[in-house]
$ cat entry_12.tsv   # TSV, C-alpha atoms
chain	number	residue	atom	x	y	z
A	1	MET	CA	-28.97	-59.79	20.27
A	2	ILE	CA	-29.07	-61.54	23.61
A	3	LYS	CA	-25.40	-62.25	24.25
A	4	ASN	CA	-24.44	-65.10	26.56
A	5	THR	CA	-21.45	-64.55	28.79
A	6	ILE	CA	-21.54	-68.23	29.78
A	7	LYS	CA	-22.69	-71.51	28.22
A	8	ILE	CA	-26.38	-72.01	28.97
A	9	ILE	CA	-27.89	-75.49	29.27
A	10	LEU	CA	-31.62	-76.12	29.43
A	11	ALA	CA	-32.13	-79.19	31.63
A	12	SER	CA	-35.20	-80.26	29.68
A	13	ALA	CA	-36.12	-81.95	26.44
A	14	SER	CA	-39.54	-80.25	26.44
A	15	SER	CA	-40.15	-78.81	23.00
A	16	ARG	CA	-42.41	-76.20	24.57
A	17	ARG	CA	-39.63	-74.83	26.77
A	18	MET	CA	-37.13	-74.95	23.92
A	19	THR	CA	-39.53	-73.06	21.64
A	20	LEU	CA	-39.98	-70.34	24.26
A	21	LEU	CA	-36.22	-69.82	24.62
A	22	GLN	CA	-35.60	-70.05	20.87
A	23	GLY	CA	-38.37	-67.51	20.36
A	24	ILE	CA	-36.47	-64.85	22.28
A	25	GLY	CA	-33.18	-65.63	20.53
A	26	LEU	CA	-31.35	-67.13	23.50
A	27	LYS	CA	-28.49	-69.44	22.62
A	28	PHE	CA	-28.52	-72.67	24.61
A	29	THR	CA	-28.07	-76.40	24.40
A	30	SER	CA	-30.51	-78.84	25.94
A	31	ARG	CA	-29.81	-81.88	28.01
A	32	GLU	CA	-32.62	-83.96	29.43
A	33	SER	CA	-32.37	-84.69	33.12
A	34	LEU	CA	-32.94	-88.29	34.13
A	35	VAL	CA	-35.12	-87.05	36.97
A	36	GLU	CA	-37.76	-85.79	34.57
A	37	GLU	CA	-39.44	-89.04	33.70
A	38	THR	CA	-39.12	-90.84	37.02
A	39	MET	CA	-40.99	-88.10	38.88
A	40	GLN	CA	-44.08	-88.37	36.72
A	41	PRO	CA	-47.02	-88.84	37.08
A	42	LEU	CA	-47.71	-87.01	40.30
A	43	SER	CA	-51.03	-87.57	41.90
A	44	THR	CA	-50.24	-86.94	45.54
A	45	CYS	CA	-51.55	-84.31	47.87
A	46	VAL	CA	-49.21	-81.47	48.55
A	47	HIS	CA	-48.65	-80.42	52.11
A	48	GLY	CA	-47.25	-76.95	52.26
A	49	GLN	CA	-46.45	-74.77	49.32
A	50	PRO	CA	-46.86	-76.02	45.73
A	51	GLY	CA	-44.23	-73.43	44.75
A	52	ALA	CA	-41.67	-75.01	47.05
A	53	HIS	CA	-42.61	-78.43	45.71
A	54	ALA	CA	-42.11	-77.36	42.07
A	55	VAL	CA	-38.83	-75.66	42.95
A	56	SER	CA	-37.51	-78.77	44.64
A	57	LEU	CA	-38.30	-80.83	41.53
A	58	ALA	CA	-36.59	-78.23	39.34
A	59	ARG	CA	-33.60	-78.29	41.68
A	60	MET	CA	-33.30	-82.05	41.34
A	61	LYS	CA	-33.30	-81.71	37.56
A	62	ALA	CA	-30.67	-78.96	37.61
A	63	ASP	CA	-28.44	-80.89	40.03
A	64	ASP	CA	-28.75	-84.04	37.95
A	65	VAL	CA	-27.59	-82.31	34.77
A	66	GLY	CA	-25.00	-80.35	36.78
A	67	ARG	CA	-23.41	-83.57	38.02
A	68	ARG	CA	-22.93	-84.83	34.47
A	69	GLU	CA	-21.57	-81.55	33.11
A	70	LYS	CA	-17.94	-80.44	33.09
A	71	GLY	CA	-16.58	-76.91	33.03
A	72	ARG	CA	-18.30	-73.58	33.38
A	73	ALA	CA	-22.00	-73.43	32.61
A	74	LEU	CA	-25.36	-72.17	33.71
A	75	ILE	CA	-28.09	-74.77	33.93
A	76	ILE	CA	-31.76	-73.84	33.73
A	77	ALA	CA	-34.27	-76.38	35.02
A	78	ALA	CA	-38.01	-76.04	35.48
A	79	ASP	CA	-40.90	-78.13	36.65
A	80	THR	CA	-44.51	-77.26	35.96
A	81	ILE	CA	-47.31	-78.63	38.09
A	82	VAL	CA	-51.05	-78.17	38.04
A	83	VAL	CA	-52.71	-77.62	41.40
A	84	MET	CA	-56.42	-77.99	42.05
A	85	GLY	CA	-57.33	-77.21	45.64
A	86	ASN	CA	-54.48	-78.89	47.52
A	87	ARG	CA	-54.02	-81.66	44.98
A	88	ILE	CA	-51.16	-81.80	42.52
A	89	ILE	CA	-52.17	-83.07	39.12
A	90	GLY	CA	-49.36	-84.52	37.06
A	91	LYS	CA	-49.21	-86.00	33.58
A	92	PRO	CA	-51.97	-88.50	32.82
A	93	SER	CA	-51.01	-92.17	33.06
A	94	GLY	CA	-53.32	-93.06	30.18
A	95	ARG	CA	-56.48	-92.09	28.35
A	96	LYS	CA	-58.80	-92.93	31.25
A	97	ASP	CA	-56.68	-90.84	33.60
A	98	ALA	CA	-56.65	-87.93	31.13
A	99	GLU	CA	-60.45	-88.13	30.97
A	100	LYS	CA	-60.65	-87.98	34.77
A	101	ILE	CA	-58.24	-85.07	35.01
A	102	LEU	CA	-60.01	-83.02	32.34
A	103	GLY	CA	-63.36	-83.73	34.00
A	104	LEU	CA	-61.88	-82.39	37.22
A	105	LEU	CA	-60.57	-79.18	35.61
A	106	SER	CA	-63.69	-78.59	33.46
A	107	GLY	CA	-65.51	-75.35	34.30
A	108	LYS	CA	-63.19	-74.55	37.20
A	109	THR	CA	-60.12	-72.47	38.04
A	110	HIS	CA	-56.82	-74.20	38.82
A	111	ARG	CA	-53.30	-73.01	39.40
A	112	VAL	CA	-50.29	-73.69	37.23
A	113	VAL	CA	-47.06	-73.46	39.19
A	114	THR	CA	-43.66	-73.50	37.55
A	115	GLY	CA	-40.61	-73.88	39.77
A	116	VAL	CA	-37.32	-72.74	38.28
A	117	CYS	CA	-33.79	-73.54	39.40
A	118	ILE	CA	-30.77	-71.84	37.83
A	119	LEU	CA	-27.54	-73.60	38.76
A	120	LYS	CA	-24.12	-72.11	38.04
A	121	ILE	CA	-21.28	-74.60	37.88
A	122	PRO	CA	-18.63	-75.25	38.99
A	123	GLU	CA	-19.45	-72.81	41.85
A	124	HIS	CA	-22.82	-74.46	42.53
A	125	VAL	CA	-24.56	-71.13	43.06
A	126	ARG	CA	-28.32	-71.64	42.81
A	127	VAL	CA	-31.12	-69.18	42.14
A	128	THR	CA	-34.64	-70.55	42.55
A	129	PHE	CA	-38.11	-69.09	42.28
A	130	SER	CA	-41.63	-70.10	41.36
A	131	VAL	CA	-44.41	-68.37	39.47
A	132	THR	CA	-48.12	-69.13	39.77
A	133	THR	CA	-50.83	-68.46	37.19
A	134	GLU	CA	-54.56	-69.02	37.58
A	135	VAL	CA	-56.24	-70.74	34.67
A	136	THR	CA	-60.01	-70.96	34.21
A	137	MET	CA	-61.28	-73.72	31.92
A	138	LEU	CA	-64.55	-73.68	30.05
A	139	ARG	CA	-67.05	-76.35	30.95
A	140	MET	CA	-66.00	-79.23	28.72
A	141	PRO	CA	-68.78	-81.61	27.65
A	142	ASP	CA	-67.71	-85.30	27.76
A	143	ARG	CA	-67.78	-85.36	23.97
A	144	ASP	CA	-65.23	-82.54	23.77
A	145	ILE	CA	-63.01	-84.24	26.38
A	146	ARG	CA	-63.01	-87.49	24.40
A	147	TRP	CA	-62.29	-85.58	21.19
A	148	TYR	CA	-59.41	-83.71	22.82
A	149	ILE	CA	-57.87	-86.91	24.17
A	150	LYS	CA	-58.08	-88.49	20.72
A	151	THR	CA	-55.87	-85.69	19.37
A	152	GLY	CA	-53.10	-87.09	21.59
A	153	GLU	CA	-52.15	-83.68	22.94
A	154	PRO	CA	-53.05	-84.28	26.62
A	155	MET	CA	-50.87	-87.34	27.12
A	156	ASP	CA	-47.48	-85.83	27.98
A	157	LYS	CA	-48.68	-82.73	29.79
A	158	ALA	CA	-49.28	-81.87	33.43
A	159	GLY	CA	-53.02	-81.37	33.86
A	160	ALA	CA	-53.63	-83.23	30.59
A	161	TYR	CA	-53.77	-80.10	28.43
A	162	GLY	CA	-51.50	-77.80	26.46
A	163	ILE	CA	-52.41	-74.12	26.49
A	164	GLN	CA	-50.52	-73.29	23.30
A	165	GLY	CA	-52.09	-76.00	21.16
A	166	ILE	CA	-55.58	-77.38	20.80
A	167	GLY	CA	-56.05	-76.93	24.54
A	168	GLY	CA	-56.30	-73.19	23.95
A	169	VAL	CA	-59.86	-73.80	22.79
A	170	PHE	CA	-60.88	-74.79	26.31
A	171	ILE	CA	-59.21	-71.99	28.25
A	172	LYS	CA	-61.64	-69.29	29.19
A	173	LYS	CA	-59.11	-66.99	30.81
A	174	ILE	CA	-55.85	-66.86	32.63
A	175	HIS	CA	-54.74	-64.55	35.39
A	176	GLY	CA	-50.98	-64.09	35.55
A	177	SER	CA	-48.06	-65.05	33.37
A	178	TYR	CA	-48.78	-66.89	30.11
A	179	THR	CA	-45.30	-68.26	29.44
A	180	ASN	CA	-45.45	-69.72	32.94
A	181	VAL	CA	-48.37	-71.90	31.86
A	182	VAL	CA	-46.43	-73.01	28.78
A	183	GLY	CA	-43.65	-74.15	31.11
A	184	LEU	CA	-41.09	-71.39	31.62
A	185	PRO	CA	-41.88	-67.92	33.02
A	186	LEU	CA	-39.83	-65.80	30.59
A	187	PRO	CA	-39.82	-62.33	32.22
A	188	GLU	CA	-38.69	-63.70	35.58
A	189	LEU	CA	-36.13	-66.01	33.97
A	190	ILE	CA	-34.58	-63.22	31.86
A	191	GLU	CA	-34.47	-60.94	34.90
A	192	ALA	CA	-32.62	-63.63	36.88
A	193	LEU	CA	-30.19	-64.29	34.01
A	194	LYS	CA	-29.47	-60.55	33.77
A	195	ARG	CA	-28.80	-60.33	37.51
A	196	LEU	CA	-26.47	-63.31	37.31
A	197	LYS	CA	-24.72	-61.49	34.44
A	198	ALA	CA	-25.22	-64.61	32.34
A	199	ILE	CA	-26.69	-62.58	29.48
A	200	GLU	CA	-26.37	-59.09	28.08
A	201	ILE	CA	-29.13	-57.44	26.12
A	202	GLY	CA	-28.50	-54.85	23.42
B	1	MET	CA	-61.19	-84.20	13.99
B	2	ILE	CA	-62.94	-80.87	13.59
B	3	LYS	CA	-65.17	-81.44	10.57
B	4	ASN	CA	-66.26	-78.49	8.48
B	5	THR	CA	-69.76	-78.57	7.11
B	6	ILE	CA	-68.98	-75.52	4.97
B	7	LYS	CA	-65.91	-73.94	3.37
B	8	ILE	CA	-64.21	-71.66	5.88
B	9	ILE	CA	-62.23	-68.63	4.78
B	10	LEU	CA	-60.03	-66.64	7.14
B	11	ALA	CA	-60.12	-63.03	5.95
B	12	SER	CA	-56.58	-62.38	7.11
B	13	ALA	CA	-53.02	-63.01	6.01
B	14	SER	CA	-51.79	-62.77	9.61
B	15	SER	CA	-49.49	-65.70	10.27
B	16	ARG	CA	-50.42	-65.50	13.96
B	17	ARG	CA	-54.11	-66.02	13.25
B	18	MET	CA	-53.38	-68.81	10.78
B	19	THR	CA	-51.12	-70.55	13.30
B	20	LEU	CA	-53.87	-70.45	15.94
B	21	LEU	CA	-56.42	-72.03	13.60
B	22	GLN	CA	-53.94	-74.56	12.22
B	23	GLY	CA	-53.02	-75.44	15.81
B	24	ILE	CA	-56.54	-76.67	16.53
B	25	GLY	CA	-56.78	-78.58	13.27
B	26	LEU	CA	-59.38	-76.42	11.59
B	27	LYS	CA	-59.39	-76.62	7.79
B	28	PHE	CA	-59.58	-73.23	6.13
B	29	THR	CA	-58.19	-71.14	3.33
B	30	SER	CA	-57.01	-67.60	3.84
B	31	ARG	CA	-57.72	-64.55	1.77
B	32	GLU	CA	-56.37	-61.16	2.76
B	33	SER	CA	-58.93	-58.40	2.85
B	34	LEU	CA	-57.90	-55.18	1.11
B	35	VAL	CA	-59.27	-53.27	4.09
B	36	GLU	CA	-56.56	-54.64	6.35
B	37	GLU	CA	-53.71	-52.40	5.30
B	38	THR	CA	-55.61	-49.21	4.60
B	39	MET	CA	-57.03	-49.07	8.12
B	40	GLN	CA	-53.61	-49.09	9.78
B	41	PRO	CA	-52.02	-47.37	11.61
B	42	LEU	CA	-54.76	-46.19	13.95
B	43	SER	CA	-53.83	-43.45	16.32
B	44	THR	CA	-57.17	-41.79	16.92
B	45	CYS	CA	-59.14	-41.47	20.10
B	46	VAL	CA	-62.07	-43.79	20.35
B	47	HIS	CA	-65.41	-42.36	21.34
B	48	GLY	CA	-67.67	-45.07	22.61
B	49	GLN	CA	-66.77	-48.71	22.88
B	50	PRO	CA	-63.44	-50.10	21.66
B	51	GLY	CA	-65.22	-53.45	21.23
B	52	ALA	CA	-67.73	-51.94	18.80
B	53	HIS	CA	-64.87	-50.22	16.98
B	54	ALA	CA	-62.89	-53.47	16.58
B	55	VAL	CA	-66.04	-55.30	15.47
B	56	SER	CA	-66.79	-52.69	12.82
B	57	LEU	CA	-63.27	-53.08	11.43
B	58	ALA	CA	-63.66	-56.88	11.43
B	59	ARG	CA	-67.01	-56.49	9.68
B	60	MET	CA	-65.45	-54.37	6.94
B	61	LYS	CA	-62.81	-57.06	6.38
B	62	ALA	CA	-65.41	-59.85	6.26
B	63	ASP	CA	-67.65	-57.90	3.87
B	64	ASP	CA	-64.70	-57.09	1.62
B	65	VAL	CA	-63.73	-60.75	1.26
B	66	GLY	CA	-67.41	-61.73	1.05
B	67	ARG	CA	-67.93	-59.46	-1.96
B	68	ARG	CA	-65.11	-61.15	-3.86
B	69	GLU	CA	-66.16	-64.69	-3.00
B	70	LYS	CA	-68.58	-66.87	-4.95
B	71	GLY	CA	-70.67	-69.75	-3.66
B	72	ARG	CA	-71.30	-70.98	-0.16
B	73	ALA	CA	-68.74	-70.11	2.50
B	74	LEU	CA	-68.18	-68.88	6.01
B	75	ILE	CA	-65.80	-65.98	6.35
B	76	ILE	CA	-64.00	-65.26	9.61
B	77	ALA	CA	-62.53	-61.79	10.05
B	78	ALA	CA	-60.91	-60.23	13.09
B	79	ASP	CA	-59.31	-56.98	14.07
B	80	THR	CA	-57.16	-56.57	17.15
B	81	ILE	CA	-56.61	-53.19	18.73
B	82	VAL	CA	-54.67	-52.04	21.75
B	83	VAL	CA	-56.40	-49.55	24.00
B	84	MET	CA	-54.66	-47.43	26.60
B	85	GLY	CA	-57.08	-45.23	28.50
B	86	ASN	CA	-59.38	-44.03	25.72
B	87	ARG	CA	-56.69	-44.06	23.06
B	88	ILE	CA	-56.43	-46.71	20.37
B	89	ILE	CA	-52.89	-47.71	19.59
B	90	GLY	CA	-52.36	-49.22	16.16
B	91	LYS	CA	-49.32	-50.60	14.38
B	92	PRO	CA	-46.27	-48.36	14.62
B	93	SER	CA	-45.53	-46.20	11.57
B	94	GLY	CA	-41.79	-46.60	12.08
B	95	ARG	CA	-39.06	-47.16	14.66
B	96	LYS	CA	-39.57	-43.80	16.39
B	97	ASP	CA	-43.29	-44.47	16.68
B	98	ALA	CA	-42.65	-47.98	18.06
B	99	GLU	CA	-40.34	-46.45	20.67
B	100	LYS	CA	-43.07	-43.99	21.68
B	101	ILE	CA	-45.73	-46.71	21.87
B	102	LEU	CA	-43.60	-49.07	23.96
B	103	GLY	CA	-42.66	-46.18	26.27
B	104	LEU	CA	-46.37	-45.56	26.72
B	105	LEU	CA	-47.18	-49.20	27.53
B	106	SER	CA	-44.10	-49.74	29.77
B	107	GLY	CA	-44.97	-50.58	33.37
B	108	LYS	CA	-48.71	-50.14	32.79
B	109	THR	CA	-51.85	-52.15	32.07
B	110	HIS	CA	-53.57	-51.82	28.71
B	111	ARG	CA	-56.45	-53.60	27.03
B	112	VAL	CA	-56.27	-55.77	23.95
B	113	VAL	CA	-59.59	-55.91	22.14
B	114	THR	CA	-60.28	-58.30	19.29
B	115	GLY	CA	-63.44	-57.81	17.27
B	116	VAL	CA	-64.63	-60.82	15.31
B	117	CYS	CA	-67.11	-60.97	12.44
B	118	ILE	CA	-68.32	-64.27	11.01
B	119	LEU	CA	-70.10	-63.81	7.70
B	120	LYS	CA	-72.06	-66.60	6.01
B	121	ILE	CA	-72.53	-66.22	2.28
B	122	PRO	CA	-74.54	-66.15	0.15
B	123	GLU	CA	-77.14	-65.52	2.91
B	124	HIS	CA	-75.12	-62.68	4.43
B	125	VAL	CA	-75.88	-63.79	7.97
B	126	ARG	CA	-73.40	-62.13	10.35
B	127	VAL	CA	-72.32	-63.06	13.88
B	128	THR	CA	-70.13	-60.51	15.64
B	129	PHE	CA	-68.56	-60.26	19.07
B	130	SER	CA	-65.53	-58.81	20.80
B	131	VAL	CA	-63.28	-60.07	23.57
B	132	THR	CA	-61.12	-57.92	25.86
B	133	THR	CA	-57.99	-58.97	27.74
B	134	GLU	CA	-55.98	-56.86	30.18
B	135	VAL	CA	-52.22	-57.00	29.68
B	136	THR	CA	-49.71	-55.65	32.19
B	137	MET	CA	-46.24	-54.84	30.87
B	138	LEU	CA	-43.06	-54.81	32.88
B	139	ARG	CA	-41.29	-51.49	33.17
B	140	MET	CA	-39.08	-51.50	30.07
B	141	PRO	CA	-35.83	-49.55	30.30
B	142	ASP	CA	-35.04	-47.50	27.14
B	143	ARG	CA	-32.21	-49.91	26.36
B	144	ASP	CA	-34.60	-52.87	26.30
B	145	ILE	CA	-37.07	-50.96	24.12
B	146	ARG	CA	-34.35	-50.12	21.60
B	147	TRP	CA	-33.17	-53.75	21.63
B	148	TYR	CA	-36.69	-55.03	21.09
B	149	ILE	CA	-37.29	-52.67	18.16
B	150	LYS	CA	-34.03	-53.81	16.57
B	151	THR	CA	-35.37	-57.38	16.51
B	152	GLY	CA	-38.01	-56.13	14.04
B	153	GLU	CA	-40.86	-57.85	15.86
B	154	PRO	CA	-42.79	-54.70	16.89
B	155	MET	CA	-43.17	-53.24	13.41
B	156	ASP	CA	-46.28	-55.00	12.09
B	157	LYS	CA	-48.16	-55.37	15.35
B	158	ALA	CA	-50.84	-53.34	17.10
B	159	GLY	CA	-49.26	-51.91	20.25
B	160	ALA	CA	-45.79	-52.59	18.80
B	161	TYR	CA	-45.37	-55.96	20.50
B	162	GLY	CA	-46.10	-59.63	19.95
B	163	ILE	CA	-47.08	-61.64	23.01
B	164	GLN	CA	-46.11	-65.00	21.52
B	165	GLY	CA	-42.60	-64.00	20.44
B	166	ILE	CA	-39.84	-61.98	22.02
B	167	GLY	CA	-42.49	-59.64	23.42
B	168	GLY	CA	-43.39	-62.36	25.92
B	169	VAL	CA	-40.32	-61.31	27.88
B	170	PHE	CA	-41.94	-57.98	28.72
B	171	ILE	CA	-45.38	-59.19	29.71
B	172	LYS	CA	-45.79	-59.37	33.45
B	173	LYS	CA	-49.28	-60.79	33.43
B	174	ILE	CA	-52.49	-60.98	31.50
B	175	HIS	CA	-56.04	-61.13	32.77
B	176	GLY	CA	-58.41	-62.80	30.36
B	177	SER	CA	-58.08	-64.75	27.13
B	178	TYR	CA	-54.58	-65.42	25.80
B	179	THR	CA	-55.50	-66.33	22.22
B	180	ASN	CA	-57.40	-63.05	22.11
B	181	VAL	CA	-54.11	-61.19	22.61
B	182	VAL	CA	-52.51	-63.24	19.84
B	183	GLY	CA	-55.31	-62.08	17.56
B	184	LEU	CA	-58.20	-64.54	17.59
B	185	PRO	CA	-60.16	-65.58	20.70
B	186	LEU	CA	-60.36	-69.33	20.08
B	187	PRO	CA	-62.92	-70.52	22.67
B	188	GLU	CA	-65.46	-67.88	21.65
B	189	LEU	CA	-64.81	-68.47	17.95
B	190	ILE	CA	-65.23	-72.24	18.19
B	191	GLU	CA	-68.41	-71.79	20.21
B	192	ALA	CA	-69.81	-69.48	17.52
B	193	LEU	CA	-68.82	-71.90	14.73
B	194	LYS	CA	-70.51	-74.74	16.61
B	195	ARG	CA	-73.71	-72.73	17.00
B	196	LEU	CA	-73.69	-71.84	13.32
B	197	LYS	CA	-73.29	-75.59	12.65
B	198	ALA	CA	-70.22	-74.72	10.56
B	199	ILE	CA	-68.14	-77.33	12.38
B	200	GLU	CA	-68.67	-80.62	14.11
B	201	ILE	CA	-66.37	-81.87	16.81
B	202	GLY	CA	-65.72	-85.51	17.50
$ encode --input "entry_12.tsv" --output "structure tokens"
Amino acid sequence: MIKNTIKIILASASSRRMTLLQGIGLKFTSRESLVEETMQPLSTCVHGQPGAHAVSLARMKADDVGRREKGRALIIAADTIVVMGNRIIGKPSGRKDAEKILGLLSGKTHRVVTGVCILKIPEHVRVTFSVTTEVTMLRMPDRDIRWYIKTGEPMDKAGAYGIQGIGGVFIKKIHGSYTNVVGLPLPELIEALKRLKAIEIG
Amino acid sequence: MIKNTIKIILASASSRRMTLLQGIGLKFTSRESLVEETMQPLSTCVHGQPGAHAVSLARMKADDVGRREKGRALIIAADTIVVMGNRIIGKPSGRKDAEKILGLLSGKTHRVVTGVCILKIPEHVRVTFSVTTEVTMLRMPDRDIRWYIKTGEPMDKAGAYGIQGIGGVFIKKIHGSYTNVVGLPLPELIEALKRLKAIEIG
């Protein structure tokens, strides 16, 4: 009952993002950008705005898929980063790194920032925005951290946790958008797609 | 890697609650309480604490399943209510009611309260608690409300929406526990199960 007026391509192979879009009944195809893997893991300090940083990563993903795509389409790309103080925390490089990251997040509040880039081709019109959510973790005893890492869930996720899986056990509260923490801020995305007249609802 | 030391029964046939528990790898069986359906829809005013109200409903569910169960077991029951001002909003009685409820929640902040009762049999030891999350909805135009009702998702849910499905599109932000809005506050539940020595992690 969401009707596309244009072919929509999700520039991501993330099952979490696909599940979110499938959950609302949006029709789309997915195409992984080659940027995705080469940018990870991030462990640098961010100077300036994390939102702008996430958006620029999303833009690179959208442009990459846009270059390889022919015809008329709308490409949605997103990049989710975890920010603690002024440090960007990417995907863990291994178990030891995951342990360090989770120890850092334990008992504290961090920010999850998703940058989104919508690219319309062949016109190359871009709409970009970012959404930030505050996430407060429970204090995680070392035993729980080791247990969580053994489940394998932390390994491919920014901040070494997944909110919608086992990680949910460790999240005390969030302040802001939930879907943003999963990896794609749905209300803002749908609003942008409506404005671009890429979808019709009803 | 969560080990049960006792048989765990979820006193609910809610697929959302089952999915949450399955997601963290907890082993349990589910048994619907007969209380569940007869208590809904709620549309009364609540005098006193919504938390106490939700807990008393959860307690009735746990006791109902506890009565029909033999042997040694731990029964988990929960009841989720939506509170707007001092009004409890239950499951919609039909499409018209869903339209009214969503119109009421549109553009405003409401509270989602889940009451939990853990009942250990045959000792009949009970642990109860409630968790409250604030949810802020986007302003929903009538057209979007009608579209959302047509998807069928609102019909079996307190407050006529599901945060983890299509309803996620309309949720601007939440303040507090996410799993609580889905129907079972995981961190608090796991903590209680640990204290009761019903589970071991590691």
$ interface_residues --input "entry_12.tsv" --of "chain A" --to "chain B" --cutoff "8 Å" --atoms "all atoms listed in the file" --output "ChimeraX atom specification"
/A:1,20,23-25,143-144,146-147,151,165-166,168-179,186-187,190,201-202
$ residues_near_point --input "entry_12.tsv" --point "(-48.4, -83.2, 33.7)" --cutoff "6 Å" --atoms "all atoms listed in the file" --output "ChimeraX atom specification"
/A:90-91,157-159
$ write_last_selection --input "entry_12.tsv" --atoms "C-alpha atoms" --output "CSV table (one decimal), keeping the file's coordinate frame"
chain,number,residue,atom,x,y,z
A,90,GLY,CA,-49.4,-84.5,37.1
A,91,LYS,CA,-49.2,-86.0,33.6
A,157,LYS,CA,-48.7,-82.7,29.8
A,158,ALA,CA,-49.3,-81.9,33.4
A,159,GLY,CA,-53.0,-81.4,33.9
$ atom_distance --input "entry_12.tsv" --atom1 "atom CA of Leu10 of chain A" --atom2 "atom CA of Glu32 of chain A"
7.9 Å
$ closest_residue --input "entry_12.tsv" --among "A:Ile6, A:Val113, A:Ala160, A:Met155" --to "Val131 of chain A" --atoms "all atoms listed in the file"
A:Val113
$ residues_around --input "entry_12.tsv" --residues "Leu193 of chain B" --least-positions-apart "5" --cutoff "12 Å" --atoms "all atoms listed in the file" --output "list in words"
Ile2, Lys3, Asn4, Thr5, Ile6, Lys7, Ile8, Leu26, Leu74, Ile75, Ile76, Val116, Cys117, Ile118, Leu119, Lys120, Arg126, Val127, Thr128, Leu186, Pro187, Glu188, Ala198, Ile199, Glu200 and Ile201 of chain B
$ residues_around --input "entry_12.tsv" --residues "segment 59-61 of chain A" --least-positions-apart "4" --cutoff "12 Å" --atoms "only C-alpha atoms" --output "ChimeraX atom specification"
/A:9-13,31-39,52-55,65-68,75-79,114-120,124-130
$ residues_around --input "entry_12.tsv" --residues "Met84 of chain A" --least-positions-apart "2" --cutoff "7 Å" --atoms "all atoms listed in the file" --output "number ranges by chain"
A: 82, 86-88, 110-111
$ atom_distance --input "entry_12.tsv" --atom1 "atom CA of Asp142 of chain A" --atom2 "atom CA of Gly85 of chain A"
22.2 Å
$ atom_distance --input "entry_12.tsv" --atom1 "atom CA of Asp97 of chain A" --atom2 "atom CA of Asp156 of chain A"
11.9 Å
